[in-house]
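Printed here is coords-v6.txt (compact mmCIF, C-alpha atoms and all ligand atoms):
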```
# COMPACT_ATOMS: atom_id res chain seq x y z
CA MET A 387 142.23 -27.73 1.79
CA ALA A 388 140.74 -24.70 -0.01
CA LYS A 389 136.95 -24.67 0.11
CA LYS A 390 135.13 -25.12 -3.24
CA THR A 391 133.67 -21.85 -4.48
CA VAL A 392 130.45 -20.97 -6.27
CA ASN A 393 130.29 -17.93 -8.53
CA VAL A 394 127.20 -15.80 -7.93
CA ALA A 395 125.48 -13.23 -10.14
CA ILE A 396 122.76 -10.99 -8.72
CA ILE A 397 120.11 -9.29 -10.84
CA GLY A 398 118.72 -6.19 -9.16
CA ALA A 399 120.50 -3.47 -7.19
CA ASN A 400 117.79 -1.82 -5.11
CA PHE A 401 116.37 -2.77 -1.68
CA MET A 402 116.56 -6.55 -2.10
CA GLY A 403 119.77 -6.25 -4.14
CA LYS A 404 121.30 -4.52 -1.11
CA ALA A 405 119.91 -7.03 1.41
CA HIS A 406 121.10 -10.02 -0.63
CA SER A 407 124.53 -8.45 -1.38
CA ASN A 408 125.06 -8.04 2.36
CA ALA A 409 124.13 -11.71 2.84
CA TRP A 410 126.51 -13.04 0.16
CA ARG A 411 129.26 -10.87 1.66
CA LYS A 412 128.74 -11.82 5.33
CA VAL A 413 127.77 -15.51 5.16
CA ASP A 414 131.31 -16.97 4.97
CA MET A 415 132.60 -14.55 7.61
CA PHE A 416 130.07 -15.63 10.24
CA PHE A 417 129.26 -19.27 9.39
CA ASN A 418 132.39 -21.46 9.67
CA ASP A 419 130.74 -24.65 8.38
CA LEU A 420 129.78 -23.59 4.87
CA PRO A 421 130.34 -26.47 2.38
CA VAL A 422 131.07 -23.96 -0.38
CA LYS A 423 132.26 -20.33 -0.40
CA PRO A 424 130.34 -17.77 -2.52
CA VAL A 425 132.26 -15.50 -4.89
CA MET A 426 130.39 -12.26 -5.68
CA LYS A 427 131.09 -12.11 -9.43
CA VAL A 428 128.52 -9.86 -11.17
CA MET A 429 125.76 -7.41 -10.28
CA CYS A 430 123.28 -6.84 -13.12
CA GLY A 431 121.01 -3.82 -13.32
CA LYS A 432 118.72 -1.90 -15.64
CA PHE A 433 120.63 1.39 -15.57
CA LYS A 434 124.36 2.21 -15.22
CA GLU A 435 123.56 4.62 -12.37
CA GLU A 436 121.99 1.98 -10.14
CA LEU A 437 125.13 -0.18 -10.55
CA GLU A 438 127.34 2.48 -8.96
CA VAL A 439 126.80 0.60 -5.65
CA ALA A 440 128.13 -2.70 -7.03
CA GLU A 441 131.79 -2.32 -6.02
CA ARG A 442 130.87 -0.96 -2.56
CA TYR A 443 128.50 -3.94 -2.09
CA GLY A 444 131.36 -6.31 -2.97
CA TRP A 445 130.66 -7.34 -6.59
CA GLN A 446 133.66 -7.84 -8.94
CA GLU A 447 131.87 -6.84 -12.16
CA THR A 448 128.68 -5.18 -13.37
CA SER A 449 126.49 -5.81 -16.41
CA LEU A 450 123.41 -4.33 -18.05
CA ASP A 451 122.74 -7.62 -19.86
CA TRP A 452 121.31 -10.18 -17.42
CA LYS A 453 120.71 -12.73 -20.21
CA GLU A 454 124.40 -12.74 -21.19
CA VAL A 455 125.41 -13.16 -17.52
CA VAL A 456 122.92 -15.97 -16.90
CA ASN A 457 124.48 -17.92 -19.77
CA ARG A 458 128.10 -17.35 -18.72
CA PRO A 459 129.79 -20.74 -18.13
CA ASP A 460 131.64 -19.38 -15.07
CA ILE A 461 128.43 -18.48 -13.19
CA ASP A 462 126.90 -21.11 -10.86
CA VAL A 463 124.11 -19.26 -9.01
CA ILE A 464 121.62 -16.59 -10.14
CA ASP A 465 120.04 -14.43 -7.44
CA ILE A 466 116.89 -12.65 -8.70
CA CYS A 467 116.16 -9.38 -6.89
CA THR A 468 114.15 -7.62 -9.60
CA PRO A 469 110.56 -6.44 -9.69
CA ASN A 470 108.21 -9.44 -9.71
CA PHE A 471 107.24 -9.39 -13.41
CA LEU A 472 110.85 -10.20 -14.42
CA HIS A 473 111.15 -13.25 -12.13
CA PRO A 474 109.78 -15.88 -14.58
CA GLU A 475 111.85 -14.94 -17.65
CA ILE A 476 115.09 -14.77 -15.65
CA ALA A 477 114.47 -17.93 -13.61
CA ILE A 478 113.46 -20.00 -16.66
CA GLU A 479 116.55 -18.81 -18.57
CA ALA A 480 118.74 -19.59 -15.54
CA ALA A 481 117.24 -23.07 -15.16
CA LYS A 482 117.84 -23.80 -18.86
CA ALA A 483 121.47 -22.71 -18.36
CA GLY A 484 121.78 -25.11 -15.40
CA LYS A 485 122.23 -22.38 -12.79
CA HIS A 486 120.99 -22.75 -9.21
CA ILE A 487 118.43 -20.03 -8.41
CA VAL A 488 117.53 -17.76 -5.52
CA CYS A 489 114.42 -15.67 -6.25
CA GLU A 490 112.74 -13.01 -4.13
CA LYS A 491 109.10 -13.40 -3.14
CA PRO A 492 106.48 -13.51 -4.44
CA LEU A 493 107.75 -16.01 -6.98
CA ALA A 494 105.69 -14.50 -9.79
CA ASN A 495 102.69 -12.29 -10.60
CA THR A 496 100.48 -15.28 -11.36
CA LEU A 497 100.13 -18.92 -10.30
CA LYS A 498 100.61 -19.94 -13.93
CA ASP A 499 104.00 -18.21 -14.10
CA ALA A 500 105.01 -19.58 -10.70
CA LYS A 501 104.25 -23.13 -11.83
CA ALA A 502 106.25 -22.58 -15.04
CA MET A 503 109.26 -21.48 -12.94
CA LEU A 504 109.02 -24.60 -10.78
CA ARG A 505 108.73 -26.85 -13.84
CA ALA A 506 111.77 -25.20 -15.47
CA ALA A 507 113.86 -25.47 -12.28
CA ASP A 508 112.98 -29.14 -11.85
CA LYS A 509 113.65 -29.82 -15.55
CA GLY A 510 117.00 -28.03 -15.27
CA GLY A 511 117.90 -30.15 -12.24
CA VAL A 512 118.88 -27.02 -10.33
CA LYS A 513 118.37 -26.03 -6.69
CA HIS A 514 115.79 -23.30 -6.15
CA MET A 515 114.92 -21.12 -3.17
CA CYS A 516 112.29 -18.40 -2.74
CA GLY A 517 113.22 -15.63 -0.29
CA PHE A 518 110.62 -15.95 2.44
CA SER A 519 113.13 -14.38 4.83
CA TYR A 520 110.99 -14.21 7.97
CA ARG A 521 111.19 -18.02 8.32
CA PHE A 522 114.84 -17.42 9.25
CA ALA A 523 114.22 -15.33 12.37
CA PRO A 524 115.59 -17.43 15.27
CA ALA A 525 112.38 -16.76 17.20
CA VAL A 526 110.22 -18.06 14.36
CA GLN A 527 112.37 -21.19 14.03
CA THR A 528 112.07 -21.90 17.78
CA MET A 529 108.32 -21.30 17.69
CA ARG A 530 108.02 -23.83 14.86
CA LYS A 531 109.97 -26.44 16.87
CA MET A 532 107.66 -25.86 19.86
CA ILE A 533 104.54 -26.30 17.72
CA GLN A 534 105.97 -29.40 16.05
CA LYS A 535 106.77 -30.89 19.49
CA GLY A 536 103.11 -30.35 20.43
CA GLU A 537 103.83 -27.73 23.08
CA LEU A 538 100.82 -25.70 21.93
CA GLY A 539 98.59 -28.74 21.51
CA ASP A 540 95.82 -28.48 18.90
CA ILE A 541 95.99 -25.15 17.10
CA PHE A 542 92.72 -23.18 17.29
CA HIS A 543 93.87 -19.92 15.68
CA PHE A 544 96.66 -18.70 13.42
CA ARG A 545 96.41 -14.91 13.25
CA ALA A 546 98.80 -12.69 11.25
CA ALA A 547 98.84 -8.99 10.44
CA TYR A 548 101.52 -7.47 8.24
CA GLN A 549 101.03 -3.72 8.34
CA GLN A 550 103.03 -0.94 6.68
CA ASP A 551 102.30 2.72 5.97
CA TRP A 552 104.72 3.82 3.23
CA ILE A 553 102.02 4.83 0.73
CA VAL A 554 99.45 6.43 3.05
CA ASP A 555 100.53 9.86 1.74
CA PRO A 556 98.39 10.60 -1.36
CA ASP A 557 101.40 12.48 -2.80
CA PHE A 558 103.52 9.30 -2.78
CA PRO A 559 104.02 8.68 -6.49
CA MET A 560 103.24 5.70 -8.71
CA VAL A 561 105.87 2.93 -8.37
CA TRP A 562 106.17 -0.56 -9.86
CA ARG A 563 104.65 -2.11 -6.73
CA LEU A 564 101.37 -0.34 -7.53
CA LYS A 565 101.00 -1.54 -11.15
CA LYS A 566 99.50 -4.98 -11.76
CA LYS A 567 101.58 -5.63 -14.89
CA HIS A 568 104.76 -5.20 -12.80
CA THR A 569 103.78 -6.55 -9.40
CA GLY A 570 100.81 -8.89 -9.85
CA SER A 571 99.00 -7.71 -6.73
CA GLY A 572 99.66 -5.02 -4.13
CA ALA A 573 99.81 -5.60 -0.39
CA LEU A 574 98.50 -9.13 -0.94
CA GLY A 575 101.41 -10.45 -3.03
CA ASP A 576 104.08 -8.32 -1.37
CA ILE A 577 103.44 -8.70 2.36
CA GLY A 578 100.44 -11.05 2.30
CA ALA A 579 102.80 -13.59 0.70
CA HIS A 580 105.03 -13.45 3.79
CA ILE A 581 102.26 -14.13 6.31
CA THR A 582 100.77 -16.84 4.10
CA ASP A 583 104.17 -18.55 3.98
CA LEU A 584 104.58 -18.15 7.75
CA CYS A 585 101.25 -19.93 8.20
CA HIS A 586 102.45 -22.76 5.98
CA PHE A 587 105.79 -22.88 7.84
CA LEU A 588 104.35 -22.75 11.36
CA VAL A 589 100.91 -24.31 11.30
CA GLY A 590 99.80 -25.90 8.01
CA ASP A 591 98.53 -25.44 4.46
CA VAL A 592 95.71 -23.00 3.79
CA CYS A 593 93.10 -25.02 1.85
CA GLU A 594 90.22 -22.53 1.38
CA VAL A 595 89.75 -18.79 1.81
CA THR A 596 87.37 -15.90 1.70
CA SER A 597 88.50 -12.30 1.51
CA ALA A 598 88.02 -8.59 0.91
CA MET A 599 90.49 -6.29 -0.82
CA GLU A 600 90.56 -2.50 -1.18
CA THR A 601 92.43 0.24 -3.04
CA PHE A 602 92.15 3.39 -0.92
CA ILE A 603 94.01 5.78 -3.25
CA LYS A 604 93.18 5.01 -6.86
CA LYS A 605 95.27 7.61 -8.71
CA ARG A 606 98.87 8.63 -8.07
CA VAL A 607 101.19 11.13 -9.68
CA VAL A 608 103.88 9.73 -11.98
CA ALA A 609 107.26 9.44 -10.19
CA ASP A 610 110.55 11.07 -11.21
CA SER A 611 112.43 7.96 -10.17
CA ASP A 612 111.01 4.56 -9.35
CA VAL A 613 113.32 2.74 -6.99
CA GLY A 614 110.56 0.59 -5.65
CA ALA A 615 109.08 0.46 -2.19
CA TRP A 616 110.43 3.17 -0.03
CA ASP A 617 112.47 5.75 -1.94
CA ALA A 618 110.46 6.82 -4.98
CA LYS A 619 110.84 10.53 -5.46
CA GLY A 620 108.99 13.19 -7.30
CA GLY A 621 105.40 13.79 -7.96
CA LYS A 622 105.42 17.24 -6.33
CA GLY A 623 103.98 19.72 -8.78
CA LYS A 624 103.73 17.10 -11.50
CA LYS A 625 100.36 16.91 -13.18
CA LYS A 626 100.62 13.49 -14.87
CA TYR A 627 98.62 10.84 -12.96
CA ASP A 628 98.39 7.07 -13.33
CA THR A 629 95.85 4.55 -12.03
CA VAL A 630 96.65 2.21 -9.14
CA ASP A 631 95.29 -1.15 -10.30
CA VAL A 632 96.29 -3.31 -7.31
CA ASP A 633 95.13 -3.63 -3.71
CA ASP A 634 96.34 -1.33 -0.92
CA ALA A 635 95.02 -3.83 1.60
CA ALA A 636 93.79 -7.43 1.67
CA ILE A 637 92.03 -9.16 4.55
CA PHE A 638 91.37 -12.87 4.32
CA ILE A 639 90.37 -15.82 6.48
CA GLY A 640 91.13 -19.41 5.78
CA ARG A 641 90.90 -23.00 6.91
CA ILE A 642 93.92 -25.26 7.33
CA LYS A 643 94.17 -28.66 5.61
CA ASP A 644 93.50 -31.65 7.91
CA ALA A 645 93.10 -29.42 10.99
CA ASN A 646 90.32 -27.59 12.87
CA THR A 647 92.32 -24.38 12.73
CA LEU A 648 90.92 -20.98 11.76
CA ALA A 649 93.44 -18.63 10.13
CA SER A 650 93.07 -14.87 9.72
CA PHE A 651 95.35 -12.61 7.71
CA GLU A 652 95.65 -8.82 7.29
CA ALA A 653 98.04 -7.30 4.76
CA THR A 654 97.87 -3.52 4.53
CA ARG A 655 100.04 -0.58 3.49
CA PHE A 656 97.59 1.83 5.14
CA ALA A 657 98.25 1.45 8.87
CA PRO A 658 99.87 4.78 9.88
CA GLY A 659 102.63 4.16 12.40
CA ARG A 660 103.12 0.53 11.44
CA ARG A 661 106.44 0.70 9.51
CA ASN A 662 107.10 -3.02 9.03
CA TYR A 663 104.82 -4.58 11.62
CA ASN A 664 104.68 -8.24 10.71
CA CYS A 665 103.04 -9.97 13.66
CA VAL A 666 101.96 -13.56 14.19
CA GLU A 667 99.79 -14.99 17.00
CA ILE A 668 99.13 -18.70 17.45
CA TYR A 669 96.63 -20.01 20.01
CA GLY A 670 96.41 -23.69 20.91
CA SER A 671 94.87 -26.06 23.45
CA LYS A 672 98.05 -26.07 25.57
CA GLY A 673 99.25 -22.50 25.09
CA SER A 674 99.98 -19.54 22.81
CA LEU A 675 102.83 -17.87 20.94
CA LEU A 676 103.18 -14.23 19.81
CA TRP A 677 105.87 -12.73 17.52
CA ASN A 678 106.34 -9.33 15.91
CA GLN A 679 109.09 -8.50 13.38
CA GLU A 680 109.56 -4.99 14.74
CA ASN A 681 110.77 -6.70 17.94
CA MET A 682 112.06 -9.75 16.11
CA ASN A 683 114.53 -11.13 18.66
CA GLN A 684 111.78 -11.89 21.12
CA PHE A 685 108.63 -14.01 21.22
CA GLU A 686 106.02 -14.42 23.94
CA TYR A 687 104.86 -17.79 25.24
CA PHE A 688 101.82 -18.58 27.38
CA ASN A 689 101.78 -22.08 28.86
CA ARG A 690 98.42 -23.18 30.23
CA SER A 691 100.07 -25.72 32.51
CA ASP A 692 102.02 -23.06 34.41
CA PRO A 693 100.82 -22.78 38.04
CA ASP A 694 97.89 -20.36 38.32
CA THR A 695 99.90 -17.89 40.37
CA VAL A 696 102.53 -17.43 37.64
CA GLN A 697 100.37 -17.74 34.50
CA GLY A 698 101.07 -15.13 31.89
CA PHE A 699 102.91 -14.46 28.64
CA ARG A 700 106.63 -14.89 29.26
CA LYS A 701 109.01 -12.93 27.04
CA VAL A 702 111.69 -15.17 25.51
CA LEU A 703 114.81 -13.53 24.08
CA ALA A 704 115.51 -15.81 21.08
CA CYS A 705 119.13 -14.81 20.77
CA ASP A 706 120.34 -17.00 23.57
CA ILE A 707 121.90 -20.45 23.55
CA GLY A 708 119.88 -23.02 21.70
CA HIS A 709 118.11 -20.79 19.22
CA PRO A 710 119.04 -21.39 15.55
CA TYR A 711 121.73 -19.29 13.84
CA VAL A 712 122.51 -17.08 16.88
CA HIS A 713 125.76 -19.03 17.55
CA ALA A 714 127.21 -17.56 14.36
CA TRP A 715 126.85 -13.99 15.54
CA TRP A 716 127.39 -12.83 19.10
CA PRO A 717 127.23 -13.96 22.74
CA PRO A 718 123.76 -14.44 24.25
CA GLY A 719 121.55 -11.36 24.30
CA HIS A 720 123.50 -9.43 21.66
CA ILE A 721 120.59 -9.06 19.29
CA ILE A 722 120.48 -9.31 15.50
CA GLY A 723 118.43 -7.51 12.83
CA TYR A 724 116.38 -7.67 9.65
CA GLU A 725 119.46 -8.08 7.45
CA HIS A 726 120.60 -11.19 9.34
CA LEU A 727 117.55 -13.12 8.11
CA PHE A 728 118.94 -12.88 4.57
CA VAL A 729 122.35 -14.14 5.74
CA HIS A 730 120.57 -17.13 7.33
CA GLU A 731 118.62 -17.93 4.14
CA ILE A 732 121.75 -17.67 1.96
CA TYR A 733 123.60 -19.89 4.47
CA GLU A 734 120.89 -22.56 4.16
CA PHE A 735 120.87 -22.22 0.37
CA LEU A 736 124.66 -22.75 0.16
CA CYS A 737 124.45 -25.71 2.56
CA GLY A 738 121.70 -27.14 0.36
CA LEU A 739 124.01 -27.12 -2.66
CA LYS A 740 126.05 -29.86 -1.03
CA ARG A 741 123.61 -31.61 1.28
CA LYS A 742 120.65 -33.87 0.46
CA LYS A 743 118.38 -32.35 3.09
CA ILE A 744 117.47 -28.74 2.36
CA ASN A 745 116.32 -26.31 5.03
CA TYR A 746 114.77 -23.47 3.07
CA PRO A 747 111.58 -22.67 1.11
CA THR A 748 111.75 -23.91 -2.48
CA PHE A 749 109.80 -22.86 -5.57
CA GLU A 750 107.38 -25.63 -4.57
CA ASP A 751 106.64 -23.78 -1.31
CA ALA A 752 106.35 -20.57 -3.31
CA VAL A 753 103.83 -22.13 -5.71
CA LYS A 754 101.78 -23.24 -2.69
CA CYS A 755 101.84 -19.64 -1.45
CA GLN A 756 100.94 -18.31 -4.91
CA SER A 757 97.93 -20.70 -5.01
CA VAL A 758 96.60 -19.07 -1.85
CA LEU A 759 97.17 -15.55 -3.23
CA GLU A 760 95.27 -16.46 -6.40
CA ALA A 761 92.37 -17.93 -4.39
CA VAL A 762 92.26 -14.79 -2.21
CA GLU A 763 91.95 -12.55 -5.29
CA LYS A 764 89.21 -14.80 -6.69
CA ALA A 765 87.34 -14.82 -3.37
CA ALA A 766 87.46 -11.03 -3.18
CA ALA A 767 86.16 -10.73 -6.75
CA THR A 768 83.35 -13.27 -6.30
CA ARG A 769 82.62 -12.56 -2.60
CA ARG A 770 82.59 -16.36 -2.15
CA TRP A 771 84.81 -18.91 -0.42
CA GLN A 772 87.40 -20.36 -2.78
CA LYS A 773 89.27 -23.66 -2.54
CA VAL A 774 93.08 -23.32 -2.85
C1 LIG A 801 108.00 -3.98 0.86
O1 LIG A 801 106.79 -4.23 1.39
C2 LIG A 801 109.04 -4.90 1.45
O2 LIG A 801 110.26 -4.53 0.92
C3 LIG A 801 108.79 -6.36 1.07
O3 LIG A 801 108.80 -6.53 -0.33
C4 LIG A 801 109.86 -7.24 1.71
O4 LIG A 801 109.64 -8.60 1.37
C5 LIG A 801 109.79 -7.06 3.22
O5 LIG A 801 110.78 -7.84 3.85
C6 LIG A 801 109.97 -5.59 3.59
O6 LIG A 801 109.02 -4.76 2.88
```
Have the structure of the file written as structure tokens, please.
Amino acid sequence: MAKKTVNVAIIGANFMGKAHSNAWRKVDMFFNDLPVKPVMKVMCGKFKEELEVAERYGWQETSLDWKEVVNRPDIDVIDICTPNFLHPEIAIEAAKAGKHIVCEKPLANTLKDAKAMLRAADKGGVKHMCGFSYRFAPAVQTMRKMIQKGELGDIFHFRAAYQQDWIVDPDFPMVWRLKKKHTGSGALGDIGAHITDLCHFLVGDVCEVTSAMETFIKKRVVADSDVGAWDAKGGKGKKKYDTVDVDDAAIFIGRIKDANTLASFEATRFAPGRRNYNCVEIYGSKGSLLWNQENMNQFEYFNRSDPDTVQGFRKVLACDIGHPYVHAWWPPGHIIGYEHLFVHEIYEFLCGLKRKKINYPTFEDAVKCQSVLEAVEKAAATRRWQKV
């Protein structure tokens, strides 16, 4: 019997538009137990030029009018891959139109907007997922199972550092991720959101924080083309400058609800040599776990009850039998990459359309994350601990 289909429209054609397009295209090919099959109907963009990729990415149509597409009766799912400031308007319109929603992180620029998105999605009775993709690394999923089974015992420390270096060059021009009105916050909301969510996913809820934030380069030349994080061009020889009004780096420490765990977080775009170094370390009474996205198929495990003569961090290749999602791809040891995490999250989202139990971060999880981000900004401004 032919599988039911869901018609998808994506809004946004740049980095996340590409990552999500790949996921919608590959999910049915690699996962043979999908309850519904996605149909890639429409890619929406801001300019005709950026939609030239749509056909190559697998989309049937293109549109410059996201609002018209969101209200089309033949569309079932809206996937929001735009700059952050557009997330609320699109998600609230989609919820009103009864469309299920996937939205990139961070959910919004402010906690107030994030809460409004959650309220609208719940009122619309639609499913909603926020794209905290690193949860879907097989290694991270296995680490969570180990922690939940008590294999690390009581958790003393959660330590995460998400370091990049794409704007260290003072000639890198002004892009939307460096303007508060477009992005909300800088490194904090972009990559700090990921490590905050990983803490929530792996260890527990951050309940109070203190922090320091810094903007190292305060003025940047206006860009010729702003395609977001990595590919903005121009600036050379231009004389027009604009002010960076968000953080280049945020460091914060926190306490975890109902636990004696200390959590430390570093989110920076000024760590030369760290391209996308998202690393997590968890230390407990029975052992420790280490993971780093730049070597994402592997995690390291230290078990205190190993015999003294063989104690040490063992390297586990999490693309072997028994680790989540790897069965869909290749035989043991044939590793996967960054883009597979998006296929995993889209797989879980599609499964969640038909199953009661959902296995992905919702807007509720995203609001929890946004509450921490807001408390971090307040703590940095007041130089005082803030409750989440
Ligand atoms: C830029 O920092 C960015 O594209 C993030 O926005 C993504 O969430 C991350 O996966 C890669 O880096």
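Nearest-residue note for Trp452 of chain A: choosing from A:Cys585, A:Lys501, A:Gly398, A:Asp414, the minimum distance belongs to A:Gly398, counting only C-alpha atoms.
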Q. Can I get the residues close to ligand LIG 801 (chain A) as a list in words, where close means within 8 Å and we count all atoms listed in the file?
A. Phe401, Met402, Glu490, Lys491, Phe518, Ser519, Tyr520, Gln550, Ala573, Asp576, Ile577, His580, Ala615, Trp616, Arg655 and Asn662 of chain A
Q. What's the 7 Å shell around Lys773 of chain A, counting all atoms listed in the file, without same-chain residues fewer than 6 positions away, as JSON, numbers by chain?
A. {"A": [593, 594, 595, 761]}
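Between Asn646 of chain A and the residues A:Gln534, A:Phe728, A:Asp628, A:Asp540, the shortest atom-to-atom distance, using only C-alpha atoms, involves A:Asp540.
Look at Lys427 of chain A: the protein and nucleic acid residues within 7 Å of it, using all atoms listed in the file and passing over chain neighbours fewer than 3 places away, are Asn393, Val394, Ala395, Trp445, Gln446 and Glu447 of chain A.
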(Q) One number please: atom CA of Lys565 of chain A to atom CA of Ile603 of chain A, in Å, one decimal. (A) 12.8 Å
Q. Quick one: distance from atom CA of Glu725 of chain A to atom CA of Gln756 of chain A in Å, one decimal?
A. 24.5 Å
Q. Could you tell me, as a ChimeraX atom specification, which residues have any atom at most 6 Å from (118.3, -20.0, -8.6), counting only C-alpha atoms?
A. /A:463-465,486-488,514
Dump C-alpha atoms for the selected residues as a PDB file, in the coordinates of the input?
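What landed in again-v3.pdb:
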```pdb
ATOM      1  CA  VAL A 463     124.110 -19.260  -9.010  1.00  0.00           C
ATOM      2  CA  ILE A 464     121.620 -16.590 -10.140  1.00  0.00           C
ATOM      3  CA  ASP A 465     120.040 -14.430  -7.440  1.00  0.00           C
ATOM      4  CA  HIS A 486     120.990 -22.750  -9.210  1.00  0.00           C
ATOM      5  CA  ILE A 487     118.430 -20.030  -8.410  1.00  0.00           C
ATOM      6  CA  VAL A 488     117.530 -17.760  -5.520  1.00  0.00           C
ATOM      7  CA  HIS A 514     115.790 -23.300  -6.150  1.00  0.00           C
TER       8      HIS A 514
END
```
Might you pull out every residue within 10 Å of Leu648 of chain A, with all atoms listed in the file counted and same-chain residues fewer than 4 positions away left off, and present them as a PDB file with C-alpha atoms, in the frame of the given file?
```
ATOM      1  CA  ILE A 541      95.990 -25.150  17.100  1.00  0.00           C
ATOM      2  CA  PHE A 542      92.720 -23.180  17.290  1.00  0.00           C
ATOM      3  CA  HIS A 543      93.870 -19.920  15.680  1.00  0.00           C
ATOM      4  CA  PHE A 544      96.660 -18.700  13.420  1.00  0.00           C
ATOM      5  CA  ARG A 545      96.410 -14.910  13.250  1.00  0.00           C
ATOM      6  CA  VAL A 592      95.710 -23.000   3.790  1.00  0.00           C
ATOM      7  CA  ILE A 639      90.370 -15.820   6.480  1.00  0.00           C
ATOM      8  CA  GLY A 640      91.130 -19.410   5.780  1.00  0.00           C
ATOM      9  CA  ARG A 641      90.900 -23.000   6.910  1.00  0.00           C
ATOM     10  CA  ILE A 642      93.920 -25.260   7.330  1.00  0.00           C
TER      11      ILE A 642
END
```
Q: Check the smallest atom-to-atom distance from each of A:Ile732, A:Leu437, A:Cys430, A:Ile478 to Tyr746 of chain A using only C-alpha atoms, then report the winner.
A: A:Ile732
Q) Any idea what the distance is between atom CA of Ala645 of chain A and atom CA of Leu675 of chain A? A) 18.1 Å
